[in-house]
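Here the structure comes first, spelled out in structure tokens, and everything after it is commentary.
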Amino acid sequence: MITGAVIGSSAARGDVIRPAVLRTAQAAAYLGVAVPTLRTWRHRRRGPKSFRMEGHVVYRLAELDAYLDACEAADSRSNPELNPLNRAPRPKRDRSGRRADDRCAA
């Protein structure tokens, strides 16, 4: 986890202030990907949202967390609704492309 500076009376409580934005290298480390990967995603308009601040590309920490949440929700291992093993089996088709139960109805 990326930590920020401790400020004022927060130091007595031991609170850590998290930065609002991370630069590309920090964001890549936070996501666990290589810096060139994050740059490629940005170039292709994929991955987490980013913007320029004072000439530097930065990523909001909230956007990085939202991106991770979206990736987790899209994965069939963590989302049972997407798991193909949980779907009902589709009816089998014969060589003509018709379902087996359609042949009996005719």
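Labels for the structure tokens follow display order: chains A, B, ..., residues from 1 in each chain, ligands from 1.
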
May I have the residues within 8 Å of region 36-48 of chain A as a PyMOL selection string, using only C-alpha atoms and disregarding those fewer than 3 positions away in the same chain? chain A and resi 24+28+33+59+63-64+66-67

Quick one: residues within 7 Å of Val58 (chain A), only C-alpha atoms counted, chain neighbours fewer than 4 positions away excluded, as a PyMOL selection string? chain A and resi 21-24+50-53

Store the residues picked out above, limited to N, CA and C atoms, as an mmCIF file, in the first residue's frame.
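Okay, this is what ended up in again34.cif:
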```cif
data_model
loop_
_atom_site.group_PDB
_atom_site.id
_atom_site.type_symbol
_atom_site.label_atom_id
_atom_site.label_comp_id
_atom_site.auth_asym_id
_atom_site.auth_seq_id
_atom_site.Cartn_x
_atom_site.Cartn_y
_atom_site.Cartn_z
ATOM 1 N N VAL A 21 -3.847 11.510 -5.361
ATOM 2 C CA VAL A 21 -3.444 11.098 -6.703
ATOM 3 C C VAL A 21 -2.085 10.415 -6.647
ATOM 4 N N LEU A 22 -1.860 9.534 -7.619
ATOM 5 C CA LEU A 22 -0.583 8.842 -7.744
ATOM 6 C C LEU A 22 -0.036 9.067 -9.143
ATOM 7 N N ARG A 23 1.263 9.191 -9.253
ATOM 8 C CA ARG A 23 1.893 9.271 -10.560
ATOM 9 C C ARG A 23 1.909 7.889 -11.198
ATOM 10 N N THR A 24 2.325 7.833 -12.452
ATOM 11 C CA THR A 24 2.245 6.597 -13.225
ATOM 12 C C THR A 24 2.982 5.443 -12.551
ATOM 13 N N SER A 50 -7.264 8.552 -16.028
ATOM 14 C CA SER A 50 -6.124 9.379 -15.639
ATOM 15 C C SER A 50 -6.318 10.784 -16.177
ATOM 16 N N PHE A 51 -5.492 11.702 -15.706
ATOM 17 C CA PHE A 51 -5.528 13.071 -16.217
ATOM 18 C C PHE A 51 -4.170 13.716 -15.976
ATOM 19 N N ARG A 52 -3.967 14.864 -16.579
ATOM 20 C CA ARG A 52 -2.705 15.591 -16.404
ATOM 21 C C ARG A 52 -2.875 16.663 -15.332
ATOM 22 N N MET A 53 -1.897 16.735 -14.471
ATOM 23 C CA MET A 53 -1.872 17.759 -13.436
ATOM 24 C C MET A 53 -0.461 18.340 -13.412
#
```
